[in-house]
$ cat my_file.txt   # compact mmCIF, C-alpha atoms (C1' of nucleotides)
# COMPACT_ATOMS: atom_id res chain seq x y z
CA MET A 30 0.00 0.00 0.00
CA SER A 31 1.78 3.07 -1.25
CA THR A 32 1.54 6.26 0.73
CA THR A 33 0.05 7.97 -2.31
CA ARG A 34 -3.16 6.14 -1.55
CA ARG A 35 -3.63 7.56 1.94
CA VAL A 36 -6.15 10.25 2.65
CA PRO A 37 -5.82 13.07 5.20
CA THR A 38 -7.13 12.58 8.73
CA ARG A 39 -10.14 14.51 9.98
CA ASP A 40 -7.82 16.94 11.76
CA GLU A 41 -5.56 17.48 8.80
CA LEU A 42 -8.57 18.20 6.64
CA ARG A 43 -9.96 20.62 9.21
CA ILE A 44 -6.69 22.54 9.26
CA TRP A 45 -6.57 22.59 5.49
CA ARG A 46 -10.06 24.07 5.33
CA GLU A 47 -9.29 26.66 7.98
CA TYR A 48 -6.13 27.59 6.16
CA ILE A 49 -7.63 28.02 2.73
CA GLU A 50 -10.90 29.59 3.85
CA THR A 51 -9.11 32.07 6.07
CA ALA A 52 -6.81 33.13 3.27
CA ASP A 53 -9.87 33.64 1.12
CA ALA A 54 -11.61 35.68 3.77
CA LEU A 55 -8.54 37.88 4.15
CA ARG A 56 -8.30 38.45 0.44
CA ALA A 57 -11.97 39.36 0.31
CA ALA A 58 -11.74 41.71 3.28
CA LEU A 59 -8.74 43.56 1.89
CA GLY A 60 -10.24 43.71 -1.57
CA ALA A 61 -13.43 45.21 -0.21
CA ARG A 62 -11.53 47.85 1.76
CA LEU A 63 -9.38 48.75 -1.19
CA GLN A 64 -12.45 49.01 -3.37
CA SER A 65 -14.36 51.25 -1.02
CA ASP A 66 -11.33 53.35 -0.07
CA SER A 67 -10.16 54.06 -3.59
CA GLY A 68 -12.31 52.31 -6.17
CA LEU A 69 -9.49 49.93 -7.07
CA SER A 70 -9.62 46.16 -7.31
CA SER A 71 -6.64 44.25 -6.04
CA GLY A 72 -5.66 43.55 -9.64
CA ASP A 73 -5.71 47.27 -10.35
CA TYR A 74 -3.49 47.84 -7.34
CA THR A 75 -0.97 45.22 -8.47
CA VAL A 76 -0.69 46.77 -11.91
CA LEU A 77 -0.46 50.32 -10.61
CA LEU A 78 2.18 49.35 -8.06
CA ALA A 79 4.40 47.81 -10.73
CA LEU A 80 3.98 50.78 -13.07
CA SER A 81 4.58 53.34 -10.35
CA GLU A 82 7.91 51.70 -9.51
CA ALA A 83 9.00 51.39 -13.13
CA ASP A 84 11.40 53.73 -14.92
CA GLY A 85 9.39 56.52 -16.45
CA ARG A 86 6.25 55.03 -14.94
CA GLN A 87 5.88 52.75 -17.94
CA LEU A 88 6.63 49.18 -18.95
CA ARG A 89 6.36 46.94 -21.94
CA SER A 90 3.26 44.82 -21.61
CA SER A 91 5.27 41.61 -21.51
CA ALA A 92 7.68 43.01 -18.90
CA LEU A 93 4.73 44.02 -16.76
CA ALA A 94 3.22 40.56 -17.07
CA ALA A 95 6.50 38.97 -16.03
CA GLN A 96 6.95 41.36 -13.14
CA ILE A 97 3.59 40.65 -11.55
CA GLY A 98 3.44 37.02 -12.63
CA TRP A 99 0.28 37.22 -14.71
CA GLU A 100 -0.61 35.45 -17.92
CA ARG A 101 -0.48 37.81 -20.83
CA SER A 102 -4.08 37.42 -21.83
CA ARG A 103 -5.20 38.14 -18.30
CA LEU A 104 -3.14 41.29 -18.35
CA SER A 105 -4.50 42.31 -21.75
CA HIS A 106 -8.07 42.01 -20.54
CA HIS A 107 -7.30 43.83 -17.33
CA LEU A 108 -5.44 46.64 -19.09
CA GLY A 109 -8.42 47.09 -21.39
CA ARG A 110 -10.64 47.72 -18.40
CA MET A 111 -8.08 50.01 -16.74
CA GLU A 112 -7.59 51.95 -19.95
CA ARG A 113 -11.32 52.60 -20.20
CA ARG A 114 -11.17 54.12 -16.75
CA GLY A 115 -8.19 56.27 -17.62
CA LEU A 116 -5.79 54.68 -15.13
CA ILE A 117 -3.28 53.65 -17.77
CA ALA A 118 -2.69 54.27 -21.46
CA ARG A 119 -1.22 52.13 -24.22
CA GLU A 120 1.38 53.60 -26.51
CA ASP A 121 3.33 52.18 -29.41
CA CYS A 122 6.74 50.81 -28.62
CA PRO A 123 9.47 52.69 -30.52
CA THR A 124 11.85 49.73 -30.68
CA ASP A 125 9.41 46.95 -31.60
CA ASN A 126 6.29 47.67 -33.56
CA ARG A 127 4.57 44.64 -32.11
CA GLY A 128 5.09 45.85 -28.60
CA ALA A 129 2.93 48.02 -26.39
CA GLU A 130 4.18 50.43 -23.78
CA ILE A 131 1.84 50.61 -20.84
CA VAL A 132 2.10 54.00 -19.19
CA LEU A 133 0.73 55.16 -15.90
CA THR A 134 -1.48 58.20 -16.43
CA ALA A 135 -1.41 61.16 -14.06
CA ALA A 136 -4.87 60.16 -12.91
CA GLY A 137 -3.70 56.59 -12.33
CA ALA A 138 -0.71 57.78 -10.34
CA THR A 139 -2.89 59.94 -8.13
CA VAL A 140 -5.39 57.19 -7.44
CA PHE A 141 -2.59 54.78 -6.65
CA GLU A 142 -0.81 57.16 -4.30
CA ASP A 143 -4.01 57.88 -2.45
CA SER A 144 -4.75 54.19 -2.11
CA ASN A 145 -1.34 53.04 -1.01
CA GLY A 146 -1.16 54.17 2.59
CA PRO A 147 -4.66 53.00 3.51
CA HIS A 148 -4.06 49.69 1.77
CA LEU A 149 -0.80 49.02 3.60
CA ARG A 150 -2.42 49.97 6.89
CA ALA A 151 -5.27 47.61 6.12
CA ILE A 152 -2.76 44.80 5.63
CA ARG A 153 -1.30 45.59 9.00
CA GLU A 154 -4.67 45.69 10.69
CA VAL A 155 -6.05 42.55 9.10
CA PHE A 156 -2.95 40.38 9.01
CA VAL A 157 0.03 41.63 11.00
CA ASP A 158 -1.93 42.84 14.02
CA ALA A 159 -3.81 39.56 14.25
CA LEU A 160 -0.65 37.59 14.94
CA THR A 161 2.00 37.48 17.66
CA PRO A 162 5.56 37.91 16.40
CA GLU A 163 6.02 34.14 16.79
CA GLN A 164 2.88 33.43 14.81
CA LEU A 165 3.96 35.84 12.10
CA ALA A 166 7.29 34.06 11.80
CA ALA A 167 5.53 30.70 11.78
CA ALA A 168 3.19 31.90 9.04
CA GLY A 169 6.22 32.82 6.96
CA GLU A 170 7.83 29.44 7.49
CA VAL A 171 4.66 27.57 6.67
CA ALA A 172 4.16 29.57 3.47
CA SER A 173 7.70 28.99 2.44
CA ALA A 174 7.59 25.25 3.15
CA LEU A 175 4.38 24.99 1.15
CA ARG A 176 5.79 26.91 -1.75
CA VAL A 177 8.99 24.88 -1.89
CA HIS A 178 7.05 21.65 -1.79
CA LEU A 179 4.64 22.84 -4.47
CA THR A 180 7.42 24.02 -6.75
CA ASP A 181 9.25 20.71 -6.36
CA GLN A 182 6.14 18.79 -7.27
CA THR A 183 5.32 20.95 -10.24
CA ASP A 184 8.88 20.80 -11.52
CA ARG A 185 8.93 17.03 -11.24
CA ILE A 186 5.95 16.85 -13.58
CA THR A 187 7.60 19.13 -16.11
CA MET B 24 0.44 59.51 16.29
CA SER B 25 -2.14 56.76 16.46
CA THR B 26 -1.10 53.20 15.68
CA THR B 27 -3.72 53.06 12.95
CA ARG B 28 -1.46 55.28 10.84
CA ARG B 29 1.50 52.91 10.85
CA VAL B 30 2.38 50.84 7.85
CA PRO B 31 3.84 47.29 7.85
CA THR B 32 7.59 46.82 7.81
CA ARG B 33 9.34 45.39 4.78
CA ASP B 34 9.49 41.99 6.50
CA GLU B 35 5.86 41.99 7.52
CA LEU B 36 4.86 42.86 3.99
CA ARG B 37 7.06 40.10 2.60
CA ILE B 38 5.43 37.54 4.86
CA TRP B 39 1.99 38.80 3.94
CA ARG B 40 2.76 38.40 0.25
CA GLU B 41 4.20 34.93 0.74
CA TYR B 42 1.18 33.95 2.75
CA ILE B 43 -1.45 35.13 0.32
CA GLU B 44 0.37 34.14 -2.84
CA THR B 45 1.08 30.68 -1.52
CA ALA B 46 -2.53 30.14 -0.58
CA ASP B 47 -3.46 31.20 -4.10
CA ALA B 48 -0.94 28.86 -5.66
CA LEU B 49 -2.28 25.97 -3.57
CA ARG B 50 -5.83 26.69 -4.56
CA ALA B 51 -4.83 26.86 -8.19
CA ALA B 52 -2.82 23.62 -8.02
CA LEU B 53 -5.63 21.70 -6.35
CA GLY B 54 -8.22 23.16 -8.68
CA ALA B 55 -6.20 22.13 -11.71
CA ARG B 56 -5.79 18.59 -10.41
CA LEU B 57 -9.45 18.26 -9.60
CA GLN B 58 -10.36 19.58 -13.03
CA SER B 59 -8.09 17.20 -14.90
CA ASP B 60 -8.88 14.21 -12.68
CA SER B 61 -12.63 14.52 -12.82
CA GLY B 62 -13.72 17.54 -14.83
CA LEU B 63 -15.00 19.30 -11.71
CA SER B 64 -14.23 22.81 -10.56
CA SER B 65 -13.69 23.33 -6.88
CA GLY B 66 -17.09 25.01 -6.70
CA ASP B 67 -18.65 21.91 -8.24
CA TYR B 68 -16.89 19.79 -5.65
CA THR B 69 -18.14 21.92 -2.77
CA VAL B 70 -21.72 21.67 -3.98
CA LEU B 71 -21.54 17.94 -4.68
CA LEU B 72 -19.96 17.27 -1.29
CA ALA B 73 -22.77 19.04 0.53
CA LEU B 74 -25.45 17.29 -1.51
CA SER B 75 -23.88 13.88 -1.15
CA GLU B 76 -23.94 14.23 2.63
CA ALA B 77 -27.51 15.50 2.75
CA ASP B 78 -30.57 13.44 3.61
CA GLY B 79 -31.90 11.93 0.41
CA ARG B 80 -29.02 13.55 -1.46
CA GLN B 81 -31.01 16.74 -1.78
CA LEU B 82 -31.30 20.13 -0.12
CA ARG B 83 -33.33 23.28 -0.36
CA SER B 84 -31.38 25.85 -2.29
CA SER B 85 -31.22 28.20 0.68
CA ALA B 86 -30.08 25.42 3.02
CA LEU B 87 -27.36 24.50 0.57
CA ALA B 88 -26.22 28.11 0.34
CA ALA B 89 -26.06 28.35 4.13
CA GLN B 90 -24.23 25.05 4.45
CA ILE B 91 -21.42 25.99 2.10
CA GLY B 92 -21.43 29.69 2.95
CA TRP B 93 -22.19 31.02 -0.51
CA GLU B 94 -24.30 33.97 -1.55
CA ARG B 95 -27.55 32.87 -3.02
CA SER B 96 -27.06 34.45 -6.38
CA ARG B 97 -23.68 32.84 -6.72
CA LEU B 98 -25.26 29.49 -5.97
CA SER B 99 -28.06 30.11 -8.45
CA HIS B 100 -25.64 30.82 -11.24
CA HIS B 101 -23.49 27.85 -10.34
CA LEU B 102 -26.44 25.48 -10.11
CA GLY B 103 -27.55 26.63 -13.54
CA ARG B 104 -24.23 25.53 -14.98
CA MET B 105 -24.22 22.27 -13.05
CA GLU B 106 -27.76 21.53 -14.11
CA ARG B 107 -26.81 21.95 -17.77
CA ARG B 108 -24.10 19.35 -17.25
CA GLY B 109 -26.52 16.95 -15.56
CA LEU B 110 -24.74 16.93 -12.20
CA ILE B 111 -27.77 18.16 -10.27
CA ALA B 112 -31.45 18.76 -10.94
CA ARG B 113 -33.91 21.31 -9.62
CA GLU B 114 -37.29 20.13 -8.37
CA ASP B 115 -40.23 21.95 -6.90
CA CYS B 116 -40.42 22.05 -3.15
CA PRO B 117 -43.58 20.36 -1.84
CA THR B 118 -43.88 22.47 1.32
CA ASP B 119 -43.11 25.91 -0.13
CA ASN B 120 -43.99 26.76 -3.69
CA ARG B 121 -41.28 29.40 -3.84
CA GLY B 122 -38.60 26.93 -2.86
CA ALA B 123 -36.36 24.75 -4.99
CA GLU B 124 -35.07 21.33 -4.04
CA ILE B 125 -31.62 20.70 -5.42
CA VAL B 126 -31.11 17.01 -5.96
CA LEU B 127 -27.92 15.13 -6.72
CA THR B 128 -28.37 13.14 -9.92
CA ALA B 129 -27.00 9.62 -10.27
CA ALA B 130 -24.46 10.97 -12.72
CA GLY B 131 -23.47 13.69 -10.27
CA ALA B 132 -23.07 11.18 -7.47
CA THR B 133 -20.83 8.99 -9.61
CA VAL B 134 -18.61 11.86 -10.70
CA PHE B 135 -18.32 13.04 -7.11
CA GLU B 136 -17.46 9.63 -5.74
CA ASP B 137 -14.81 9.13 -8.36
CA SER B 138 -13.32 12.52 -7.63
CA ASN B 139 -13.29 12.32 -3.87
CA GLY B 140 -10.40 9.97 -3.15
CA PRO B 141 -8.01 11.59 -5.60
CA HIS B 142 -8.97 15.04 -4.37
CA LEU B 143 -8.37 14.17 -0.72
CA ARG B 144 -5.05 12.58 -1.61
CA ALA B 145 -4.09 15.71 -3.54
CA ILE B 146 -4.77 17.77 -0.43
CA ARG B 147 -2.47 15.51 1.50
CA GLU B 148 0.25 15.67 -1.10
CA VAL B 149 0.10 19.41 -1.65
CA PHE B 150 -0.59 20.61 1.87
CA VAL B 151 -0.20 18.05 4.64
CA ASP B 152 2.93 16.39 3.27
CA ALA B 153 4.64 19.74 2.82
CA LEU B 154 4.57 20.47 6.54
CA THR B 155 6.06 18.97 9.67
CA PRO B 156 3.51 18.14 12.38
CA GLU B 157 4.62 21.29 14.22
CA GLN B 158 4.17 23.42 11.13
CA LEU B 159 0.77 21.92 10.50
CA ALA B 160 -0.30 22.79 14.04
CA ALA B 161 1.17 26.28 13.64
CA ALA B 162 -0.74 26.73 10.37
CA GLY B 163 -3.94 25.88 12.20
CA GLU B 164 -3.22 28.35 14.97
CA VAL B 165 -2.32 31.11 12.58
CA ALA B 166 -5.49 30.55 10.57
CA SER B 167 -7.59 30.58 13.65
CA ALA B 168 -5.98 33.72 15.07
CA LEU B 169 -6.52 35.45 11.74
CA ARG B 170 -10.12 34.39 11.55
CA VAL B 171 -10.91 35.49 15.09
CA HIS B 172 -9.30 38.86 14.50
CA LEU B 173 -11.12 39.32 11.21
CA THR B 174 -14.47 38.36 12.68
CA ASP B 175 -13.98 40.76 15.58
CA GLN B 176 -13.17 43.59 13.21
CA THR B 177 -16.06 42.86 10.92
CA ASP B 178 -18.46 42.56 13.84
CA ARG B 179 -17.30 45.87 15.23
CA ILE B 180 -18.28 47.56 11.97
CA THR B 181 -21.74 45.96 12.05
C1' DG C 1 -60.09 39.75 1.34
C1' DT C 2 -56.43 42.93 0.39
C1' DC C 3 -52.51 45.54 1.19
C1' DA C 4 -47.94 45.81 2.73
C1' DC C 5 -43.93 43.33 4.00
C1' DT C 6 -40.87 39.54 3.97
C1' DT C 7 -38.73 35.58 2.08
C1' DG C 8 -36.89 32.18 -1.66
C1' DA C 9 -34.88 32.19 -5.67
C1' DT C 10 -33.54 33.84 -10.21
C1' DT C 11 -31.82 37.21 -13.51
C1' DG C 12 -28.93 40.74 -15.83
C1' DA C 13 -25.01 43.50 -16.00
C1' DC C 14 -20.56 43.57 -15.43
C1' DA C 15 -15.67 42.47 -13.39
C1' DC C 16 -12.39 38.91 -13.48
C1' DG C 17 -9.67 34.48 -15.15
C1' DT C 18 -8.26 30.84 -18.37
C1' DC C 19 -7.72 28.67 -22.65
C1' DA C 20 -7.43 28.44 -27.45
C1' DA C 21 -7.30 31.08 -31.55
C1' DT C 22 -5.81 35.08 -34.14
C1' DT C 23 -3.15 39.12 -35.81
C1' DA C 24 0.88 41.43 -36.80
C1' DT C 25 5.63 41.96 -36.75
C1' DG C 26 10.49 40.45 -36.32
C1' DG C 27 14.16 37.70 -37.81
C1' DC C 28 16.48 34.25 -40.09
C1' DA C 29 17.72 30.74 -43.72
C1' DT C 30 17.87 30.08 -48.40
C1' DA D 10 12.81 38.64 -51.59
C1' DT D 11 10.49 34.88 -50.04
C1' DG D 12 9.09 31.64 -46.93
C1' DC D 13 8.91 29.97 -42.40
C1' DC D 14 8.88 30.16 -37.59
C1' DA D 15 9.05 32.64 -33.23
C1' DT D 16 7.36 36.43 -30.53
C1' DA D 17 4.12 40.42 -28.76
C1' DA D 18 -0.13 41.24 -27.86
C1' DT D 19 -5.08 40.93 -28.45
C1' DT D 20 -9.48 38.63 -28.96
C1' DG D 21 -13.47 35.51 -28.23
C1' DA D 22 -15.74 32.09 -25.72
C1' DC D 23 -16.96 30.68 -21.60
C1' DG D 24 -16.73 29.71 -16.44
C1' DT D 25 -16.86 32.21 -12.21
C1' DG D 26 -18.22 36.00 -8.66
C1' DT D 27 -20.73 40.23 -6.98
C1' DC D 28 -24.28 43.55 -6.79
C1' DA D 29 -28.69 45.32 -7.55
C1' DA D 30 -33.12 44.45 -9.46
C1' DT D 31 -36.83 41.42 -10.18
C1' DC D 32 -40.49 38.02 -9.49
C1' DA D 33 -43.35 34.91 -7.19
C1' DA D 34 -45.29 33.17 -3.12
C1' DG D 35 -45.95 33.22 1.92
C1' DT D 36 -47.59 36.05 6.04
C1' DG D 37 -49.63 39.20 9.09
C1' DA D 38 -52.52 43.57 10.00
C1' DC D 39 -56.68 45.53 9.23

$ encode --input "my_file.txt" --output "structure tokens"
Amino acid sequence: MSTTRRVPTRDELRIWREYIETADALRAALGARLQSDSGLSSGDYTVLLALSEADGRQLRSSALAAQIGWERSRLSHHLGRMERRGLIAREDCPTDNRGAEIVLTAAGATVFEDSNGPHLRAIREVFVDALTPEQLAAAGEVASALRVHLTDQTDRIT
Amino acid sequence: MSTTRRVPTRDELRIWREYIETADALRAALGARLQSDSGLSSGDYTVLLALSEADGRQLRSSALAAQIGWERSRLSHHLGRMERRGLIAREDCPTDNRGAEIVLTAAGATVFEDSNGPHLRAIREVFVDALTPEQLAAAGEVASALRVHLTDQTDRIT
DNA sequence: GTCACTTGATTGACACGTCAATTATGGCAT
DNA sequence: ATGCCATAATTGACGTGTCAATCAAGTGAC
């Protein structure tokens, strides 16, 4: 009987559910605060953060996708929505006619700057303040163990 | 200077990102496995699990929503898609003409049963096996501290 | 009985995500 | 220069999620 046939215990499953449902609840809570504070979704925030840190407040679409770890089609769709709202603009790339330069508009920069402080404070209130320093460290170790394990598994398949 | 104006440190922010991104990666990995193993989304699985455990393999729509903690409109949309695929059926409720009884079809039961073992084993492989017993316990404590804190905050607003 | 109110559930509009095309350009071998 | 393939980015189809509006049926006041 190989270990790959064993199923988690009741307790293991309970912890798994707590873990994943809590992460979801946190994401939802932060997303809602960001939305009501500044009208941004968390995707918007991610994009604006990357652009605001980029040289000249602009990036090639593919560089942006790589930076934030998104699939290109996801980014394309999202940029379309953000462009409609005037947060970013698309310009032709001078060095490669296929390329698109995504530039942060003045309006986008303002919205992002206004959102940033409140968002970071919300992270502190919802996450950091909920945990003791030991728990915070433990959370980091757990996340990192999970990620290493997941990466190993995924790589093995590839 | 009130503490509500402070922003997380670089380290705190790093841990937050690891935490939330890892949870996301786990959800994605498990969802992908479930999908390729059995053609179910994780939402499908949640619904089928609840129905399969219910008396007579059926539940009132509102009871199902409460059981799995979904908004009713989300459930309605999802049930529409599952109904099209023959996994569940909607029947009139005998005691309340407004109500809908959601029943697990034979096909739905079969798909669920076939998916269950592999899905539980995937949870073990991706989550439980990645952690030492101490880390697993720590993950549970962290999740529960986060949830308590979040609930307190949310309640205070209400 | 009927009017207002509540409750059960669905619907429509729209944001978001993924996958599989598609379009257009770049770049290279011949 | 032509033909072929790789690359940059977008598009379309569809599943998923939220919010607000809708609709139908129960319920209580009068």

$ closest_atom_pairs --input "my_file.txt" --of "region 45-158 of chain B" --to "region 11-33 of chain D" --cutoff "9 Å" --atoms "only C-alpha atoms (C1' of nucleotides)" --output "JSON lines"
{"residue": "B:Ser96", "atom": "CA", "partner": "D:DT27", "partner_atom": "C1'", "distance": 8.6}
{"residue": "B:Arg97", "atom": "CA", "partner": "D:DG26", "partner_atom": "C1'", "distance": 6.6}
{"residue": "B:His100", "atom": "CA", "partner": "D:DT25", "partner_atom": "C1'", "distance": 8.9}
{"residue": "B:His101", "atom": "CA", "partner": "D:DT25", "partner_atom": "C1'", "distance": 8.2}
{"residue": "B:Arg104", "atom": "CA", "partner": "D:DG24", "partner_atom": "C1'", "distance": 8.7}
{"residue": "B:Asn120", "atom": "CA", "partner": "D:DA33", "partner_atom": "C1'", "distance": 8.9}
{"residue": "B:Arg121", "atom": "CA", "partner": "D:DA33", "partner_atom": "C1'", "distance": 6.8}

$ write_last_selection --input "my_file.txt" --atoms "C-alpha atoms" --output "compact mmCIF listing (two decimals), in the frame of the given file"
# COMPACT_ATOMS: atom_id res chain seq x y z
CA SER B 96 -27.06 34.45 -6.38
CA ARG B 97 -23.68 32.84 -6.72
CA HIS B 100 -25.64 30.82 -11.24
CA HIS B 101 -23.49 27.85 -10.34
CA ARG B 104 -24.23 25.53 -14.98
CA ASN B 120 -43.99 26.76 -3.69
CA ARG B 121 -41.28 29.40 -3.84

$ atom_distance --input "my_file.txt" --atom1 "CA of Ile131 (chain A)" --atom2 "C1' of DT23 (chain C)"
19.5 Å

$ residues_around --input "my_file.txt" --residues "Trp39 (chain B)" --least-positions-apart "5" --cutoff "8 Å" --atoms "all atoms listed in the file" --output "PyMOL selection string"
chain A and resi 152+156-157+169

$ closest_atom_pairs --input "my_file.txt" --of "chain A" --to "chain D" --cutoff "12 Å" --atoms "all atoms listed in the file" --output "Markdown table"
| residue | atom | partner | partner_atom | distance |
| --- | --- | --- | --- | --- |
| A:Ala57 | CA | D:DT27 | C1' | 11.4 |
| A:Ala61 | CA | D:DT27 | C1' | 11.1 |
| A:Arg89 | CA | D:DA17 | C1' | 9.7 |
| A:Ser90 | CA | D:DA18 | C1' | 8.0 |
| A:Ser91 | CA | D:DA17 | C1' | 7.4 |
| A:Ala92 | CA | D:DA17 | C1' | 10.8 |
| A:Ala94 | CA | D:DA18 | C1' | 11.3 |
| A:Glu100 | CA | D:DA18 | C1' | 11.5 |
| A:Arg101 | CA | D:DA18 | C1' | 7.8 |
| A:Ser102 | CA | D:DT19 | C1' | 7.6 |
| A:Arg103 | CA | D:DT19 | C1' | 10.5 |
| A:Leu104 | CA | D:DA18 | C1' | 10.0 |
| A:Ser105 | CA | D:DT19 | C1' | 6.9 |
| A:His106 | CA | D:DT19 | C1' | 8.5 |
| A:His107 | CA | D:DT19 | C1' | 11.7 |
| A:Leu108 | CA | D:DT19 | C1' | 11.0 |
| A:Gly109 | CA | D:DT19 | C1' | 9.9 |
| A:Arg119 | CA | D:DA18 | C1' | 11.5 |
| A:Asp121 | CA | D:DA18 | C1' | 11.6 |
| A:Cys122 | CA | D:DA17 | C1' | 10.7 |
| A:Asp125 | CA | D:DA17 | C1' | 8.9 |
| A:Asn126 | CA | D:DA17 | C1' | 9.0 |
| A:Arg127 | CA | D:DA17 | C1' | 5.4 |
| A:Gly128 | CA | D:DA17 | C1' | 5.5 |
| A:Ala129 | CA | D:DA18 | C1' | 7.6 |
| A:Glu130 | CA | D:DA18 | C1' | 10.9 |
| A:Ile131 | CA | D:DA18 | C1' | 11.9 |

$ closest_atom_pairs --input "my_file.txt" --of "chain A" --to "chain B" --cutoff "7 Å" --atoms "all atoms listed in the file" --output "JSON lines"
{"residue": "A:Thr33", "atom": "CA", "partner": "B:Arg144", "partner_atom": "CA", "distance": 6.9}
{"residue": "A:Arg34", "atom": "CA", "partner": "B:Arg144", "partner_atom": "CA", "distance": 6.7}
{"residue": "A:Arg35", "atom": "CA", "partner": "B:Arg144", "partner_atom": "CA", "distance": 6.3}
{"residue": "A:Val36", "atom": "CA", "partner": "B:Arg144", "partner_atom": "CA", "distance": 5.0}
{"residue": "A:Pro37", "atom": "CA", "partner": "B:Arg147", "partner_atom": "CA", "distance": 5.6}
{"residue": "A:Glu41", "atom": "CA", "partner": "B:Val151", "partner_atom": "CA", "distance": 6.8}
{"residue": "A:Ile44", "atom": "CA", "partner": "B:Gly163", "partner_atom": "CA", "distance": 5.2}
{"residue": "A:Glu47", "atom": "CA", "partner": "B:Ala166", "partner_atom": "CA", "distance": 6.0}
{"residue": "A:Tyr48", "atom": "CA", "partner": "B:Ala166", "partner_atom": "CA", "distance": 5.3}
{"residue": "A:Ile49", "atom": "CA", "partner": "B:Ala46", "partner_atom": "CA", "distance": 6.4}
{"residue": "A:Thr51", "atom": "CA", "partner": "B:Ala166", "partner_atom": "CA", "distance": 6.0}
{"residue": "A:Ala52", "atom": "CA", "partner": "B:Ile43", "partner_atom": "CA", "distance": 6.4}
{"residue": "A:Leu149", "atom": "CA", "partner": "B:Val30", "partner_atom": "CA", "distance": 5.6}
{"residue": "A:Arg150", "atom": "CA", "partner": "B:Val30", "partner_atom": "CA", "distance": 5.0}
{"residue": "A:Arg153", "atom": "CA", "partner": "B:Pro31", "partner_atom": "CA", "distance": 5.5}
{"residue": "A:Val155", "atom": "CA", "partner": "B:Leu173", "partner_atom": "CA", "distance": 6.4}
{"residue": "A:Phe156", "atom": "CA", "partner": "B:Leu169", "partner_atom": "CA", "distance": 6.7}
{"residue": "A:Val157", "atom": "CA", "partner": "B:Glu35", "partner_atom": "CA", "distance": 6.8}
{"residue": "A:Ala159", "atom": "CA", "partner": "B:Leu169", "partner_atom": "CA", "distance": 5.5}
{"residue": "A:Leu160", "atom": "CA", "partner": "B:Ala168", "partner_atom": "CA", "distance": 6.6}
{"residue": "A:Gln164", "atom": "CA", "partner": "B:Val165", "partner_atom": "CA", "distance": 6.1}
{"residue": "A:Ala167", "atom": "CA", "partner": "B:Ala161", "partner_atom": "CA", "distance": 6.5}
{"residue": "A:Ala168", "atom": "CA", "partner": "B:Val165", "partner_atom": "CA", "distance": 6.6}
{"residue": "A:Gly169", "atom": "CA", "partner": "B:Ile38", "partner_atom": "CA", "distance": 5.2}
{"residue": "A:Val171", "atom": "CA", "partner": "B:Gln158", "partner_atom": "CA", "distance": 6.1}
{"residue": "A:Ala172", "atom": "CA", "partner": "B:Tyr42", "partner_atom": "CA", "distance": 5.3}
{"residue": "A:Ala174", "atom": "CA", "partner": "B:Ala153", "partner_atom": "CA", "distance": 6.3}
{"residue": "A:Leu175", "atom": "CA", "partner": "B:Ala153", "partner_atom": "CA", "distance": 5.5}
{"residue": "A:Arg176", "atom": "CA", "partner": "B:Thr45", "partner_atom": "CA", "distance": 6.0}
{"residue": "A:His178", "atom": "CA", "partner": "B:Ala153", "partner_atom": "CA", "distance": 5.5}
{"residue": "A:Leu179", "atom": "CA", "partner": "B:Val149", "partner_atom": "CA", "distance": 6.4}

$ write_last_selection --input "my_file.txt" --atoms "C-alpha atoms" --output "PDB file, in the coordinates of the input"
ATOM      1  CA  THR A  33       0.050   7.970  -2.310  1.00  0.00           C
ATOM      2  CA  ARG A  34      -3.160   6.140  -1.550  1.00  0.00           C
ATOM      3  CA  ARG A  35      -3.630   7.560   1.940  1.00  0.00           C
ATOM      4  CA  VAL A  36      -6.150  10.250   2.650  1.00  0.00           C
ATOM      5  CA  PRO A  37      -5.820  13.070   5.200  1.00  0.00           C
ATOM      6  CA  GLU A  41      -5.560  17.480   8.800  1.00  0.00           C
ATOM      7  CA  ILE A  44      -6.690  22.540   9.260  1.00  0.00           C
ATOM      8  CA  GLU A  47      -9.290  26.660   7.980  1.00  0.00           C
ATOM      9  CA  TYR A  48      -6.130  27.590   6.160  1.00  0.00           C
ATOM     10  CA  ILE A  49      -7.630  28.020   2.730  1.00  0.00           C
ATOM     11  CA  THR A  51      -9.110  32.070   6.070  1.00  0.00           C
ATOM     12  CA  ALA A  52      -6.810  33.130   3.270  1.00  0.00           C
ATOM     13  CA  LEU A 149      -0.800  49.020   3.600  1.00  0.00           C
ATOM     14  CA  ARG A 150      -2.420  49.970   6.890  1.00  0.00           C
ATOM     15  CA  ARG A 153      -1.300  45.590   9.000  1.00  0.00           C
ATOM     16  CA  VAL A 155      -6.050  42.550   9.100  1.00  0.00           C
ATOM     17  CA  PHE A 156      -2.950  40.380   9.010  1.00  0.00           C
ATOM     18  CA  VAL A 157       0.030  41.630  11.000  1.00  0.00           C
ATOM     19  CA  ALA A 159      -3.810  39.560  14.250  1.00  0.00           C
ATOM     20  CA  LEU A 160      -0.650  37.590  14.940  1.00  0.00           C
ATOM     21  CA  GLN A 164       2.880  33.430  14.810  1.00  0.00           C
ATOM     22  CA  ALA A 167       5.530  30.700  11.780  1.00  0.00           C
ATOM     23  CA  ALA A 168       3.190  31.900   9.040  1.00  0.00           C
ATOM     24  CA  GLY A 169       6.220  32.820   6.960  1.00  0.00           C
ATOM     25  CA  VAL A 171       4.660  27.570   6.670  1.00  0.00           C
ATOM     26  CA  ALA A 172       4.160  29.570   3.470  1.00  0.00           C
ATOM     27  CA  ALA A 174       7.590  25.250   3.150  1.00  0.00           C
ATOM     28  CA  LEU A 175       4.380  24.990   1.150  1.00  0.00           C
ATOM     29  CA  ARG A 176       5.790  26.910  -1.750  1.00  0.00           C
ATOM     30  CA  HIS A 178       7.050  21.650  -1.790  1.00  0.00           C
ATOM     31  CA  LEU A 179       4.640  22.840  -4.470  1.00  0.00           C
TER      32      LEU A 179
END
